[in-house]
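I have placed the structure first, in the form of structure tokens, so that the comments after it can refer back to it.
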Amino acid sequence: MKLLTHNMLTCHVAKCKKNNFPLKIVLANESSIHMEESDMNPDFIRHMIPKIDWRALKEAADSLELTGLPSNAPTPENVDENTMNALHHILMEADIQNCQLVCPNEECKRSYPVVQGVPNLLLTKDEV
Ligand SMILES: [Zn+2]
């Protein structure tokens, strides 16, 4: 699961209406995050910047010790080279294999598994 995907995931439990984003990433172990080198596509990254929830991305990156993101979102026009490199690394190369995604809502705390890179957000009958 790429962090770009994580940036779009919220808790879907019917009763869980507030504070259900971003899901907290709890890695299964230290080797649960893979880095896959890929060629940078600056146009794609510029295109994605306005769609990203920056606070959620920054929080997720910090929790995984992926560094290099500024505190505030750049605009597609003013993104500097360091930030571009960090975004490429964090959004496109980091791939989370095994973890739990935990709802931040204190009254919910639903945990969703990510197994071999695939998040399972299916709910049980009484959660729908
Ligand atoms: Zn929830």
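Numbering starts fresh at 1 for the residues of each chain in the structure tokens, the chains themselves are lettered A, B, ... in the order given, and ligands are numbered from 1 as they appear.
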(message) List as number ranges by chain the protein and nucleic acid residues near range 115-120 of chain A, meaning an atom at most 7 Å away when only C-alpha atoms are counted, but skip any in the same chain fewer than 2 places from it.
(response) A: 1, 96-98, 112-113, 122
Writing out the chosen residues with N, CA and C atoms as a PDB file, in the first residue's frame:
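File produced: part20.pdb:
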```pdb
ATOM      1  N   MET A   1       0.842  -1.183   0.000  1.00  0.00           N
ATOM      2  CA  MET A   1       0.000   0.000   0.000  1.00  0.00           C
ATOM      3  C   MET A   1       0.884   1.242   0.000  1.00  0.00           C
ATOM      4  N   ILE A  96       4.025  -0.157   1.879  1.00  0.00           N
ATOM      5  CA  ILE A  96       3.786  -0.821   3.161  1.00  0.00           C
ATOM      6  C   ILE A  96       3.204  -2.207   2.909  1.00  0.00           C
ATOM      7  N   GLN A  97       3.878  -3.210   3.431  1.00  0.00           N
ATOM      8  CA  GLN A  97       3.483  -4.596   3.180  1.00  0.00           C
ATOM      9  C   GLN A  97       2.477  -5.102   4.203  1.00  0.00           C
ATOM     10  N   ASN A  98       2.841  -5.018   5.469  1.00  0.00           N
ATOM     11  CA  ASN A  98       1.995  -5.577   6.523  1.00  0.00           C
ATOM     12  C   ASN A  98       1.854  -4.594   7.678  1.00  0.00           C
ATOM     13  N   TYR A 112      -7.981  -2.091  10.647  1.00  0.00           N
ATOM     14  CA  TYR A 112      -8.080  -2.721   9.335  1.00  0.00           C
ATOM     15  C   TYR A 112      -6.707  -3.310   8.976  1.00  0.00           C
ATOM     16  N   PRO A 113      -6.661  -4.572   8.561  1.00  0.00           N
ATOM     17  CA  PRO A 113      -5.358  -5.157   8.222  1.00  0.00           C
ATOM     18  C   PRO A 113      -4.909  -4.796   6.798  1.00  0.00           C
ATOM     19  N   LEU A 122     -13.070  -4.256   4.375  1.00  0.00           N
ATOM     20  CA  LEU A 122     -14.400  -4.854   4.441  1.00  0.00           C
ATOM     21  C   LEU A 122     -14.932  -4.812   5.862  1.00  0.00           C
TER      22      LEU A 122
END
```
(request) Can you tell me which residues come within 10 Å of ligand 1 when counting only C-alpha atoms and all ligand atoms, ideally as a VMD selection string? (result) chain A and resid 10 to 21 23 102 to 112 127
(request) Find the residues around Glu93 in chain A up to 8 Å (only C-alpha atoms counted), leave out those fewer than 6 positions away in its own chain, and share them as a PyMOL selection string. (result) chain A and resi 2+34-38
Convert the current residue selection to file output with N, CA and C atoms, as a tab-separated table (two decimals), in the first residue's frame.
```tsv
chain	number	residue	atom	x	y	z
A	2	LYS	N	0.65	2.08	-1.00
A	2	LYS	CA	1.39	3.34	-1.07
A	2	LYS	C	0.76	4.37	-0.11
A	34	HIS	N	8.64	-1.64	2.38
A	34	HIS	CA	9.62	-1.88	1.32
A	34	HIS	C	9.85	-0.59	0.54
A	35	MET	N	11.07	-0.43	0.05
A	35	MET	CA	11.38	0.70	-0.83
A	35	MET	C	11.63	0.14	-2.23
A	36	GLU	N	10.84	0.61	-3.18
A	36	GLU	CA	11.02	0.15	-4.55
A	36	GLU	C	11.42	1.34	-5.41
A	37	GLU	N	12.68	1.34	-5.85
A	37	GLU	CA	13.15	2.46	-6.65
A	37	GLU	C	12.34	2.59	-7.93
A	38	SER	N	11.98	3.83	-8.25
A	38	SER	CA	11.28	4.05	-9.51
A	38	SER	C	11.71	5.40	-10.08
```
(request) Could you tell me which of A:Asp53, A:Cys99, A:Ile45, A:Pro22 comes closest to Glu81 in chain A if we count only C-alpha atoms? (result)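 Closest to Glu81 in chain A, using only C-alpha atoms: A:Ile45.
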